[in-house]
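Visitor: Enclosed is the structure file my_file-v7.cif (mmCIF, C-alpha atoms and all ligand atoms).
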```cif
data_query
#
loop_
_atom_site.label_atom_id
_atom_site.label_comp_id
_atom_site.auth_asym_id
_atom_site.auth_seq_id
_atom_site.Cartn_x
_atom_site.Cartn_y
_atom_site.Cartn_z
CA MET A 1 -17.62 -26.25 46.04
CA LYS A 2 -16.45 -25.79 49.62
CA THR A 3 -18.67 -23.41 51.60
CA VAL A 4 -16.83 -21.29 54.18
CA VAL A 5 -18.90 -20.23 57.21
CA LEU A 6 -17.65 -16.95 58.68
CA LYS A 7 -18.80 -16.16 62.20
CA VAL A 8 -19.30 -12.41 62.53
CA ASN A 9 -20.32 -10.34 65.57
CA PRO A 10 -23.66 -8.66 64.74
CA ARG A 11 -22.97 -5.71 67.08
CA SER A 12 -19.47 -4.95 65.83
CA PRO A 13 -18.70 -6.84 62.61
CA GLU A 14 -15.02 -7.88 62.30
CA LYS A 15 -13.51 -5.88 59.39
CA SER A 16 -11.24 -8.64 58.09
CA ARG A 17 -14.13 -11.12 57.76
CA ILE A 18 -16.40 -8.57 56.10
CA LEU A 19 -13.61 -7.76 53.63
CA ARG A 20 -13.16 -11.44 52.83
CA ALA A 21 -16.87 -11.78 52.02
CA ALA A 22 -16.90 -8.46 50.11
CA ASN A 23 -14.08 -9.71 47.88
CA ILE A 24 -16.25 -12.64 46.86
CA ILE A 25 -19.12 -10.25 45.95
CA LYS A 26 -16.70 -8.00 44.00
CA SER A 27 -15.41 -10.93 41.99
CA GLY A 28 -18.92 -12.02 40.99
CA GLY A 29 -19.52 -14.71 43.64
CA LEU A 30 -22.41 -15.29 46.05
CA VAL A 31 -22.43 -14.65 49.82
CA ALA A 32 -25.27 -15.53 52.19
CA PHE A 33 -25.59 -12.96 54.97
CA PRO A 34 -27.93 -12.04 57.84
CA THR A 35 -30.46 -9.24 57.74
CA GLU A 36 -32.95 -8.25 60.45
CA THR A 37 -35.75 -10.04 58.54
CA VAL A 38 -34.27 -13.29 57.15
CA TYR A 39 -30.90 -14.40 55.73
CA GLY A 40 -30.27 -13.26 52.16
CA LEU A 41 -28.28 -14.76 49.28
CA GLY A 42 -26.29 -11.84 47.92
CA ALA A 43 -24.64 -10.89 44.63
CA ASN A 44 -23.36 -7.70 42.99
CA ALA A 45 -26.58 -6.10 41.68
CA LEU A 46 -24.75 -4.53 38.74
CA ASN A 47 -23.18 -7.76 37.47
CA PRO A 48 -25.73 -9.73 35.38
CA LYS A 49 -23.63 -12.90 35.43
CA ALA A 50 -23.44 -12.86 39.23
CA VAL A 51 -27.19 -12.18 39.46
CA ARG A 52 -27.95 -15.16 37.23
CA LYS A 53 -26.05 -17.41 39.65
CA ILE A 54 -28.64 -16.59 42.34
CA PHE A 55 -31.45 -17.96 40.17
CA SER A 56 -29.61 -21.16 39.33
CA VAL A 57 -28.42 -21.87 42.91
CA LYS A 58 -31.91 -21.33 44.39
CA GLY A 59 -33.83 -22.89 41.54
CA ARG A 60 -35.75 -19.63 41.35
CA PRO A 61 -38.02 -18.85 38.38
CA SER A 62 -36.34 -16.10 36.33
CA ASP A 63 -39.54 -14.01 36.17
CA ASN A 64 -39.37 -13.28 39.92
CA PRO A 65 -37.41 -10.03 40.45
CA LEU A 66 -34.92 -9.36 43.26
CA ILE A 67 -34.52 -6.70 45.93
CA ALA A 68 -31.43 -4.46 45.73
CA HIS A 69 -29.97 -3.71 49.17
CA ILE A 70 -28.14 -0.44 49.83
CA ALA A 71 -26.08 0.84 52.77
CA GLY A 72 -27.19 4.51 52.79
CA ARG A 73 -30.44 6.31 51.93
CA LYS A 74 -28.87 8.46 49.22
CA ASP A 75 -27.81 5.36 47.27
CA VAL A 76 -31.45 4.94 46.23
CA HIS A 77 -30.80 7.58 43.56
CA LYS A 78 -28.18 5.35 41.90
CA LEU A 79 -30.89 2.78 41.14
CA ALA A 80 -34.17 4.71 40.92
CA SER A 81 -34.95 7.41 38.34
CA ILE A 82 -37.84 8.93 40.33
CA VAL A 83 -38.12 9.05 44.11
CA PRO A 84 -41.59 10.45 44.90
CA ALA A 85 -42.40 12.39 48.08
CA SER A 86 -44.18 9.39 49.59
CA ALA A 87 -41.01 7.32 49.16
CA VAL A 88 -38.90 9.98 50.86
CA LYS A 89 -41.29 9.99 53.82
CA LEU A 90 -41.08 6.22 54.15
CA MET A 91 -37.30 6.12 53.75
CA ASN A 92 -36.84 8.74 56.45
CA LYS A 93 -39.16 6.96 58.83
CA PHE A 94 -38.39 3.26 58.25
CA TRP A 95 -34.87 2.99 56.80
CA PRO A 96 -32.76 1.27 57.82
CA GLY A 97 -35.41 -1.41 58.34
CA PRO A 98 -37.72 -4.07 56.95
CA LEU A 99 -39.35 -1.99 54.19
CA THR A 100 -38.76 -2.42 50.43
CA LEU A 101 -39.77 0.32 48.01
CA VAL A 102 -40.69 -0.42 44.39
CA LEU A 103 -39.55 2.54 42.26
CA LYS A 104 -39.02 3.41 38.60
CA LYS A 105 -35.63 2.02 37.68
CA LYS A 106 -32.56 3.60 36.08
CA PRO A 107 -31.17 2.00 32.90
CA LEU A 108 -28.06 0.80 34.75
CA VAL A 109 -30.07 -1.79 36.72
CA PRO A 110 -29.72 -5.07 34.77
CA LYS A 111 -32.89 -6.77 33.49
CA GLU A 112 -31.81 -9.89 35.41
CA VAL A 113 -32.51 -8.00 38.65
CA THR A 114 -35.97 -6.72 37.70
CA ALA A 115 -37.11 -9.65 35.55
CA GLY A 116 -37.58 -7.18 32.72
CA LEU A 117 -39.91 -4.83 34.67
CA ASP A 118 -39.34 -1.06 34.49
CA THR A 119 -39.27 -0.88 38.29
CA VAL A 120 -36.68 -1.87 40.89
CA ALA A 121 -37.21 -2.94 44.50
CA VAL A 122 -34.82 -1.24 46.97
CA ARG A 123 -34.23 -1.67 50.68
CA MET A 124 -31.72 -0.46 53.29
CA PRO A 125 -31.45 -3.24 55.89
CA ALA A 126 -31.09 -2.53 59.62
CA ASN A 127 -28.59 -5.32 60.23
CA LYS A 128 -25.02 -3.99 60.76
CA ILE A 129 -23.37 -6.97 59.08
CA ALA A 130 -25.53 -6.52 55.98
CA ARG A 131 -24.69 -2.82 55.72
CA ALA A 132 -20.97 -3.40 56.38
CA LEU A 133 -20.91 -6.00 53.59
CA ILE A 134 -22.66 -3.68 51.11
CA LYS A 135 -20.30 -0.80 52.00
CA ALA A 136 -17.18 -2.94 51.70
CA SER A 137 -18.36 -4.35 48.38
CA GLY A 138 -18.89 -0.84 46.99
CA VAL A 139 -22.00 -1.92 45.05
CA PRO A 140 -25.69 -2.53 45.79
CA ILE A 141 -26.29 -6.19 46.68
CA VAL A 142 -29.32 -8.07 45.35
CA ALA A 143 -30.51 -10.70 47.79
CA PRO A 144 -33.52 -12.96 47.83
CA SER A 145 -34.03 -15.07 50.93
CA GLY A 146 -31.20 -17.60 51.15
CA ASN A 147 -33.31 -20.76 50.90
CA LEU A 148 -33.90 -23.20 48.07
CA SER A 149 -36.88 -21.93 46.09
CA GLY A 150 -40.14 -23.02 47.75
CA MET A 151 -38.58 -23.84 51.14
CA PRO A 152 -39.20 -21.79 54.31
CA SER A 153 -36.95 -18.70 54.45
CA PRO A 154 -33.80 -19.04 56.59
CA THR A 155 -33.66 -17.19 59.91
CA THR A 156 -30.31 -18.67 61.02
CA ALA A 157 -27.05 -19.57 59.26
CA ARG A 158 -27.87 -23.21 60.04
CA HIS A 159 -30.96 -22.98 57.81
CA VAL A 160 -28.83 -21.59 54.95
CA ILE A 161 -26.34 -24.42 55.44
CA GLN A 162 -29.21 -26.95 55.24
CA ASP A 163 -30.23 -25.59 51.82
CA LEU A 164 -27.07 -24.26 50.19
CA ASN A 165 -24.02 -26.02 51.65
CA GLY A 166 -21.60 -26.88 48.83
CA LYS A 167 -23.43 -24.60 46.39
CA ILE A 168 -22.02 -21.21 47.37
CA PRO A 169 -18.55 -20.07 48.50
CA CYS A 170 -19.49 -18.23 51.70
CA ILE A 171 -22.10 -17.93 54.46
CA ILE A 172 -21.84 -15.23 57.13
CA ASP A 173 -23.18 -16.45 60.47
CA GLY A 174 -24.42 -13.44 62.42
CA GLY A 175 -26.94 -15.13 64.73
CA SER A 176 -30.73 -15.33 64.50
CA ALA A 177 -32.80 -12.88 62.48
CA ARG A 178 -34.61 -10.46 64.81
CA ILE A 179 -37.89 -10.15 62.89
CA GLY A 180 -38.17 -13.53 61.20
CA VAL A 181 -40.45 -12.68 58.25
CA GLU A 182 -39.37 -10.79 55.15
CA SER A 183 -39.63 -7.06 54.52
CA THR A 184 -42.85 -5.35 53.52
CA VAL A 185 -42.84 -4.60 49.78
CA ILE A 186 -44.67 -1.39 48.83
CA ASP A 187 -45.11 0.00 45.32
CA VAL A 188 -44.77 3.78 45.48
CA THR A 189 -44.96 4.39 41.73
CA THR A 190 -48.76 4.79 41.95
CA THR A 191 -50.71 7.70 43.50
CA THR A 192 -52.04 5.42 46.20
CA PRO A 193 -49.11 3.30 47.38
CA THR A 194 -49.83 -0.42 47.21
CA VAL A 195 -48.54 -3.05 49.61
CA LEU A 196 -47.49 -6.00 47.45
CA ARG A 197 -46.23 -8.18 50.31
CA PRO A 198 -47.03 -7.67 54.01
CA GLY A 199 -43.94 -7.90 56.20
CA GLY A 200 -41.83 -6.40 58.99
CA ILE A 201 -43.37 -2.90 58.73
CA THR A 202 -47.10 -3.18 59.29
CA VAL A 203 -49.83 -1.66 57.08
CA GLU A 204 -50.98 0.32 60.14
CA MET A 205 -47.49 1.87 60.48
CA LEU A 206 -47.41 2.75 56.77
CA ARG A 207 -50.82 4.46 56.89
CA LYS A 208 -49.77 6.50 59.89
CA ALA A 209 -46.46 7.58 58.36
CA LEU A 210 -48.03 8.56 55.02
CA GLY A 211 -51.09 10.16 56.56
CA LYS A 212 -53.21 8.54 53.87
CA SER A 213 -54.62 5.22 52.89
CA VAL A 214 -52.53 2.52 51.30
CA SER A 215 -54.08 -0.22 49.27
CA ARG A 216 -53.30 -3.88 49.58
CA PHE A 217 -52.76 -5.87 46.43
CA LYS A 218 -55.04 -8.88 46.48
CA GLY A 219 -55.12 -9.56 42.75
CA SER A 220 -55.46 -12.98 41.28
CA VAL A 221 -52.49 -15.26 40.98
CA LYS A 222 -52.51 -14.90 37.20
CA HIS A 223 -52.28 -11.15 37.33
CA ALA A 224 -49.70 -10.96 40.07
CA LYS A 225 -48.26 -7.49 40.21
CA SER A 226 -45.35 -8.72 42.30
CA PRO A 227 -44.39 -11.84 40.40
CA GLY A 228 -43.17 -13.62 43.55
CA MET A 229 -46.75 -13.79 44.78
CA LYS A 230 -47.86 -16.38 42.29
CA TYR A 231 -45.57 -19.19 43.47
CA ARG A 232 -46.22 -21.61 46.32
CA HIS A 233 -43.82 -20.59 49.04
CA TYR A 234 -42.46 -21.36 52.45
CA ALA A 235 -43.72 -24.89 52.09
CA PRO A 236 -42.42 -27.58 54.41
CA ARG A 237 -42.39 -31.16 53.09
CA ALA A 238 -45.22 -32.09 55.49
CA LYS A 239 -48.80 -31.27 54.57
CA LEU A 240 -49.73 -28.04 56.36
CA VAL A 241 -53.34 -27.53 57.45
CA LEU A 242 -54.09 -23.96 58.54
CA VAL A 243 -57.12 -23.50 60.78
CA GLU A 244 -58.41 -19.93 60.97
CA GLY A 245 -61.34 -18.11 62.58
CA ASN A 246 -62.45 -17.78 66.19
CA SER A 247 -59.55 -18.73 68.50
CA ARG A 248 -61.56 -21.05 70.79
CA LYS A 249 -63.07 -22.84 67.82
CA ILE A 250 -59.64 -23.05 66.15
CA ARG A 251 -58.29 -25.02 69.12
CA GLN A 252 -61.29 -27.35 69.27
CA SER A 253 -61.00 -28.01 65.56
CA ILE A 254 -57.25 -28.70 65.74
CA ALA A 255 -57.73 -31.10 68.68
CA LYS A 256 -60.27 -33.02 66.62
CA LEU A 257 -58.15 -33.00 63.45
CA ALA A 258 -55.17 -34.27 65.47
CA ASN A 259 -57.22 -37.27 66.61
CA ASP A 260 -58.51 -37.93 63.08
CA TYR A 261 -55.01 -37.93 61.58
CA ALA A 262 -53.62 -40.04 64.45
CA ARG A 263 -56.30 -42.63 63.76
CA LYS A 264 -55.06 -42.72 60.16
CA ARG A 265 -51.57 -43.43 61.61
CA LYS A 266 -50.22 -40.04 60.55
CA LYS A 267 -47.45 -38.38 62.55
CA VAL A 268 -48.92 -35.05 63.65
CA GLY A 269 -47.22 -31.75 64.54
CA ILE A 270 -49.12 -28.78 65.97
CA MET A 271 -48.06 -25.13 65.91
CA THR A 272 -49.76 -23.32 68.77
CA THR A 273 -49.89 -19.85 70.32
CA ASP A 274 -51.35 -21.27 73.53
CA ASN A 275 -48.81 -21.80 76.29
CA SER A 276 -51.14 -23.96 78.35
CA HIS A 277 -52.44 -26.12 75.53
CA SER A 278 -53.77 -29.59 76.10
CA TYR A 279 -53.15 -30.90 72.59
CA ASN A 280 -52.34 -34.51 72.05
CA ALA A 281 -49.93 -34.95 69.11
CA ASN A 282 -46.45 -36.28 68.27
CA VAL A 283 -44.87 -32.82 68.31
CA VAL A 284 -46.43 -29.67 69.78
CA THR A 285 -44.46 -26.45 69.20
CA TYR A 286 -45.33 -23.31 71.12
CA VAL A 287 -44.30 -20.35 68.93
CA GLY A 288 -45.20 -17.56 71.38
CA CYS A 289 -48.44 -15.71 71.94
CA SER A 290 -47.67 -12.35 70.31
CA ALA A 291 -47.60 -11.89 66.54
CA GLU A 292 -43.98 -10.67 66.92
CA ALA A 293 -42.93 -13.90 68.60
CA VAL A 294 -44.76 -16.05 66.06
CA ALA A 295 -43.08 -14.13 63.20
CA ARG A 296 -39.66 -14.72 64.78
CA ASN A 297 -40.25 -18.46 65.32
CA LEU A 298 -42.38 -19.38 62.31
CA PHE A 299 -39.84 -20.50 59.69
CA ASN A 300 -37.69 -22.31 62.24
CA ALA A 301 -40.77 -24.17 63.49
CA LEU A 302 -41.68 -25.27 59.94
CA ARG A 303 -38.15 -26.60 59.37
CA ASP A 304 -38.18 -28.39 62.74
CA PHE A 305 -41.44 -30.18 61.86
CA ASP A 306 -39.76 -31.50 58.72
CA ALA A 307 -36.71 -32.57 60.73
CA ALA A 308 -39.08 -34.46 63.08
CA LYS A 309 -40.58 -36.09 59.97
CA VAL A 310 -44.20 -35.30 60.80
CA ASP A 311 -46.75 -36.05 58.06
CA VAL A 312 -49.18 -33.28 58.92
CA ILE A 313 -48.70 -29.86 60.53
CA LEU A 314 -51.81 -28.31 62.10
CA ALA A 315 -51.30 -24.56 62.49
CA GLU A 316 -53.38 -22.11 64.51
CA GLY A 317 -54.38 -19.03 62.51
CA LEU A 318 -53.69 -15.55 63.93
CA GLU A 319 -55.64 -12.32 63.87
CA GLU A 320 -54.68 -10.34 60.76
CA SER A 321 -53.51 -7.16 62.44
CA GLY A 322 -49.98 -5.84 62.93
CA LEU A 323 -47.39 -8.51 62.16
CA GLY A 324 -50.23 -11.07 62.21
CA LEU A 325 -50.98 -10.07 58.62
CA ALA A 326 -47.47 -11.04 57.46
CA VAL A 327 -47.59 -14.30 59.43
CA MET A 328 -50.97 -15.27 57.95
CA ASN A 329 -49.74 -14.41 54.45
CA ARG A 330 -46.82 -16.85 54.90
CA LEU A 331 -48.98 -19.56 56.50
CA ARG A 332 -51.54 -19.40 53.69
CA LYS A 333 -48.81 -19.76 51.08
CA ALA A 334 -47.34 -22.72 52.95
CA ALA A 335 -50.73 -24.41 53.44
CA SER A 336 -52.00 -27.38 51.43
CA LYS A 337 -55.39 -26.91 53.04
CA ILE A 338 -57.19 -24.06 54.85
CA VAL A 339 -60.00 -24.84 57.31
CA LYS A 340 -62.26 -21.93 58.33
CA VAL A 341 -64.13 -22.24 61.64
O1 LIG B 1 -36.68 -9.21 53.91
C1 LIG B 1 -36.46 -9.35 52.70
O2 LIG B 1 -37.01 -8.65 51.84
C2 LIG B 1 -35.45 -10.44 52.29
C3 LIG B 1 -34.08 -10.02 52.81
C4 LIG B 1 -32.97 -10.95 52.38
O3 LIG B 1 -33.81 -8.69 52.50
N1 LIG B 1 -35.45 -10.63 50.86
C5 LIG B 1 -36.50 -11.22 50.23
O4 LIG B 1 -36.32 -11.39 48.87
O5 LIG B 1 -37.49 -11.60 50.79
P1 LIG B 1 -37.23 -12.33 47.98
O6 LIG B 1 -36.54 -12.40 46.67
O7 LIG B 1 -37.44 -13.61 48.68
O8 LIG B 1 -38.56 -11.53 47.80
C6 LIG B 1 -38.61 -10.39 46.97
C7 LIG B 1 -40.04 -9.97 46.72
C8 LIG B 1 -40.76 -10.92 45.77
O9 LIG B 1 -42.09 -11.09 46.19
C9 LIG B 1 -40.67 -10.15 44.44
O10 LIG B 1 -41.69 -10.53 43.53
C10 LIG B 1 -40.82 -8.72 44.91
O11 LIG B 1 -40.07 -8.68 46.11
N2 LIG B 1 -40.24 -7.76 43.95
C11 LIG B 1 -38.94 -7.56 43.65
N3 LIG B 1 -38.80 -6.63 42.69
C12 LIG B 1 -40.02 -6.19 42.39
C13 LIG B 1 -40.55 -5.22 41.46
N4 LIG B 1 -39.76 -4.52 40.67
N5 LIG B 1 -41.90 -5.05 41.43
C14 LIG B 1 -42.70 -5.76 42.24
N6 LIG B 1 -42.27 -6.70 43.12
C15 LIG B 1 -40.96 -6.91 43.19
MG MG B 2 -38.06 -15.63 49.38
#
```
How does this structure look as structure tokens?

Guide:
Amino acid sequence: MKTVVLKVNPRSPEKSRILRAANIIKSGGLVAFPTETVYGLGANALNPKAVRKIFSVKGRPSDNPLIAHIAGRKDVHKLASIVPASAVKLMNKFWPGPLTLVLKKKPLVPKEVTAGLDTVAVRMPANKIARALIKASGVPIVAPSGNLSGMPSPTTARHVIQDLNGKIPCIIDGGSARIGVESTVIDVTTTTPTVLRPGGITVEMLRKALGKSVSRFKGSVKHAKSPGMKYRHYAPRAKLVLVEGNSRKIRQSIAKLANDYARKRKKVGIMTTDNSHSYNANVVTYVGCSAEAVARNLFNALRDFDAAKVDVILAEGLEESGLGLAVMNRLRKAASKIVKV
């Protein structure tokens, strides 16, 4: 299949190009498109055959449900049977934006979308191209991240091309994703809302908006409440060693590990948040010193290490506050080994 790449202006999306992509969605095809978090691989949420294509193109396990993306807040009622007060609060505060709500579903949502669960995940993205595409398609669009299953999520159209060129009819190129990690997924069907996946909206922001505590799901892999949590994710081909703990000790430990691996003739890459580092390795990538910057650069850095063919990636752990929680969640899932210092 020939994949067409449509360049679209993220500030004022060209109507004719959006319509071209929307026609593909309407006729049951797949379109990769930018959101503020990562690029998504979209299909008509109400067309089971189109939804099934997403799973086969990505190689995604069919028991991992998808997020339905909508263009306006009121569209949530088309998909969800109950929208509790806590959900309304969160929608008013954080939509459009990187927050996904898990709600009781309406019968019209196909089982392919929800993997047979009685809930549906819904989000209204902040990206103008994404919303224009949903509006022009006239249907909610389900979209997982537009990577091959298990690979780091795409934050540019180039990443989507790397994974899906020749497999889908259309990719919209709308520049780099602003946030760089996926949306926060929160289950609001329970009395105490539960964060199933940390992401673009921080737990601190959710607590403040709700004026009450939220719990964080840390269940075992076997009993994953959000099925996506049980799979290894975001994994580059290289072995990733995550070093976490006290920041000074982290750097000493990484410097030592770099020497050890070099002695074993391994090609070493280091991901650092220290601008003035003195690491000695084949590739040293500075990903910024704030959690926001690391989130934005993380997936691109992982793909670049693979392109540089390093054998081992040594990654500095971050403090688990704010966006640092989402970054650490992704790094732990990508890691083959975690070293605590
Ligand atoms: O930022 C994002 O959310 C991106 C962009 C494209 O919007 N999408 C994304 O989709 O990350 P995906 O498929 O890679 O991740 C969806 C997550 C998975 O962890 C899945 O298990 C969870 O949402 N999920 C979906 N429906 C659910 C449901 N009904 N109950 C619990 N978890 C659900
Ligand atoms: Mg994903």

Visitor: Using all atoms listed in the file, which of A:Val181, A:Val5, A:Ile171, A:Val57 sits nearest ligand MG 2 (chain B)?

Guide: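 Nearest candidate to ligand MG 2 (chain B) out of A:Val181, A:Val5, A:Ile171, A:Val57: A:Val181.
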
Visitor: What residues have any atom no more than 9 Å from ligand MG 2 (chain B) when counting only C-alpha atoms and all ligand atoms, and can you list them as a list in words?

Guide: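 Residues lying within 9 Å of ligand MG 2 (chain B): Val38, Gly40, Pro144, Ser145, Gly146, Asn147, Leu148, Ser149, Gly150, Met151, Pro152, Ser153, Glu182, Gly228, His233 and Tyr234 of chain A.
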
Visitor: Show me, as an NGL selection string, the residues that have an atom within 8 Å of stretch 317-329 of chain A when counting only C-alpha atoms, minus same-chain residues fewer than 3 positions from it.

Guide: :A and (181 or 197-204 or 242-245 or 247 or 250 or 291-292 or 294-295 or 298 or 332-333)

Visitor: Please determine, counting all atoms listed in the file, which residue among A:Ala235, A:Leu196, A:Val88, A:Met1 has the shortest atom-to-atom distance to ligand LIG 1 (chain B).

Guide: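 Selected residue with least distance to ligand LIG 1 (chain B): A:Leu196.
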
Visitor: Counting only C-alpha atoms and all ligand atoms, what are the residues, protein, DNA or RNA alike, that approach ligand LIG 1 (chain B) to within 8 Å? I want them as a PyMOL selection string.

Guide: chain A and resi 34-41+64-67+69+98-100+102-103+113-115+117-123+125+143-146+153+181-185+187+196-197+199-200+225-229

Visitor: Is there a way to get, as number ranges by chain, all residues within 10 Å of the point (-52.5, 6.3, 44.3) in file coordinates, counting all atoms listed in the file?

Guide: A: 187-194, 212-215

Visitor: Counting all atoms listed in the file, figure out which residue out of A:Gly59, A:Gly29, A:Gly211, A:Gly269 gets nearest to A:Lys239.

Guide: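 For A:Lys239, the nearest of the given residues is A:Gly269.
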
Visitor: If I put a ball of radius 8 Å at (-15.7, -17.7, 58.5) in the file's coordinates, which residues poke into it when counting all atoms listed in the file, written as a PyMOL selection string?

Guide: chain A and resi 4-8+17+170-173

Visitor: Give me, please, the distance in Å between atom CA of A:Val268 and atom CA of A:Asn246, quoted to one decimal.

Guide: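 Result for atom CA of A:Val268 versus atom CA of A:Asn246: 22.1 Å, one decimal.
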
Visitor: Compare A:Ile179, A:Leu206, A:Val241, A:Ile186 by their minimum atom-to-atom distance to A:Pro154, counting only C-alpha atoms, and give me the closest one.

Guide: A:Ile179

Visitor: To one decimal place, how far is atom CA of A:Asn280 from atom CA of A:Thr155 in Å?

Guide: 28.2 Å

Visitor: Which residue, A:Leu30, A:Leu302, A:Leu164, A:Ile254, has the smallest gap to A:Val341 when you use all atoms listed in the file?

Guide: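 Closest to A:Val341 of all the choices is A:Ile254.
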
Visitor: Can you tell me which residues surround A:Asp311 at a distance of at most 9 Å, considering only C-alpha atoms, apart from same-chain residues fewer than 2 positions away, and format the answer as a list in words?

Guide: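 With the cut-off at 9 Å, the set is Arg237, Ala238, Lys239, Leu240, Lys266, Lys267, Val268, Gly269, Phe305, Asp306, Lys309 and Ile313 of chain A.
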
Visitor: Skipping near chain neighbours, those fewer than 5 positions away, what residues fall within 9 Å of A:Gly28 using all atoms listed in the file, listed as a compact mmCIF listing (two decimals) with C-alpha atoms, in the coordinates of the input?

Guide:
```txt
# COMPACT_ATOMS: atom_id res chain seq x y z
CA ASN A 23 -14.08 -9.71 47.88
CA ALA A 43 -24.64 -10.89 44.63
CA ASN A 44 -23.36 -7.70 42.99
CA ASN A 47 -23.18 -7.76 37.47
CA LYS A 49 -23.63 -12.90 35.43
CA ALA A 50 -23.44 -12.86 39.23
CA VAL A 51 -27.19 -12.18 39.46
```

Visitor: Which one of A:Ile70, A:Leu331, A:Lys78, A:Ser27 sits closest to A:Pro107 if you count all atoms listed in the file?

Guide: A:Lys78

Visitor: Work out how far apart atom CA of A:Ala315 and atom CA of A:Lys218 are and give it in Å to one decimal.

Guide: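 Atom CA of A:Lys218 lies 22.7 Å from atom CA of A:Ala315.
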
Visitor: Would you place a box with edges along x, y and z of the file around all atoms of stretch 337-340 of chain A listed there, add 8 Å to each of its six sides, and report the centre and edge lengths in Å to one decimal, as lines of an AutoDock Vina configuration file?

Guide:
```
center_x = -58.8
center_y = -24.4
center_z = 55.7
size_x = 22.9
size_y = 21.0
size_z = 21.3
```

Visitor: Please identify all polymer residues within 8 Å of A:Pro48, counting only C-alpha atoms, omitting same-chain residues fewer than 3 positions from it, and present them as an NGL selection string.

Guide: :A and (45 or 51-52 or 110-113)

Visitor: Copy stretch 168-192 of chain A out of the block into a file, keeping C-alpha atoms, as a compact mmCIF listing (two decimals), in the first residue's frame.

Guide:
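Output saved as part.txt:
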```txt
# COMPACT_ATOMS: atom_id res chain seq x y z
CA ILE A 168 -1.63 2.52 6.13
CA PRO A 169 -3.02 4.89 3.47
CA CYS A 170 -2.33 8.24 5.16
CA ILE A 171 -0.15 10.03 7.72
CA ILE A 172 -0.81 13.66 8.66
CA ASP A 173 2.43 15.49 9.45
CA GLY A 174 1.63 18.31 11.87
CA GLY A 175 5.05 18.76 13.52
CA SER A 176 6.34 17.53 16.87
CA ALA A 177 4.04 16.56 19.73
CA ARG A 178 4.10 19.25 22.43
CA ILE A 179 3.89 17.00 25.50
CA GLY A 180 5.62 13.83 24.31
CA VAL A 181 4.09 11.25 26.67
CA GLU A 182 0.57 9.87 26.41
CA SER A 183 -2.53 11.14 28.18
CA THR A 184 -3.31 10.36 31.79
CA VAL A 185 -5.96 7.64 32.01
CA ILE A 186 -8.32 7.99 35.00
CA ASP A 187 -11.18 5.65 35.90
CA VAL A 188 -14.09 7.75 37.16
CA THR A 189 -16.57 4.90 37.51
CA THR A 190 -15.48 4.34 41.13
CA THR A 191 -16.18 6.59 44.15
CA THR A 192 -12.50 7.37 44.47
```
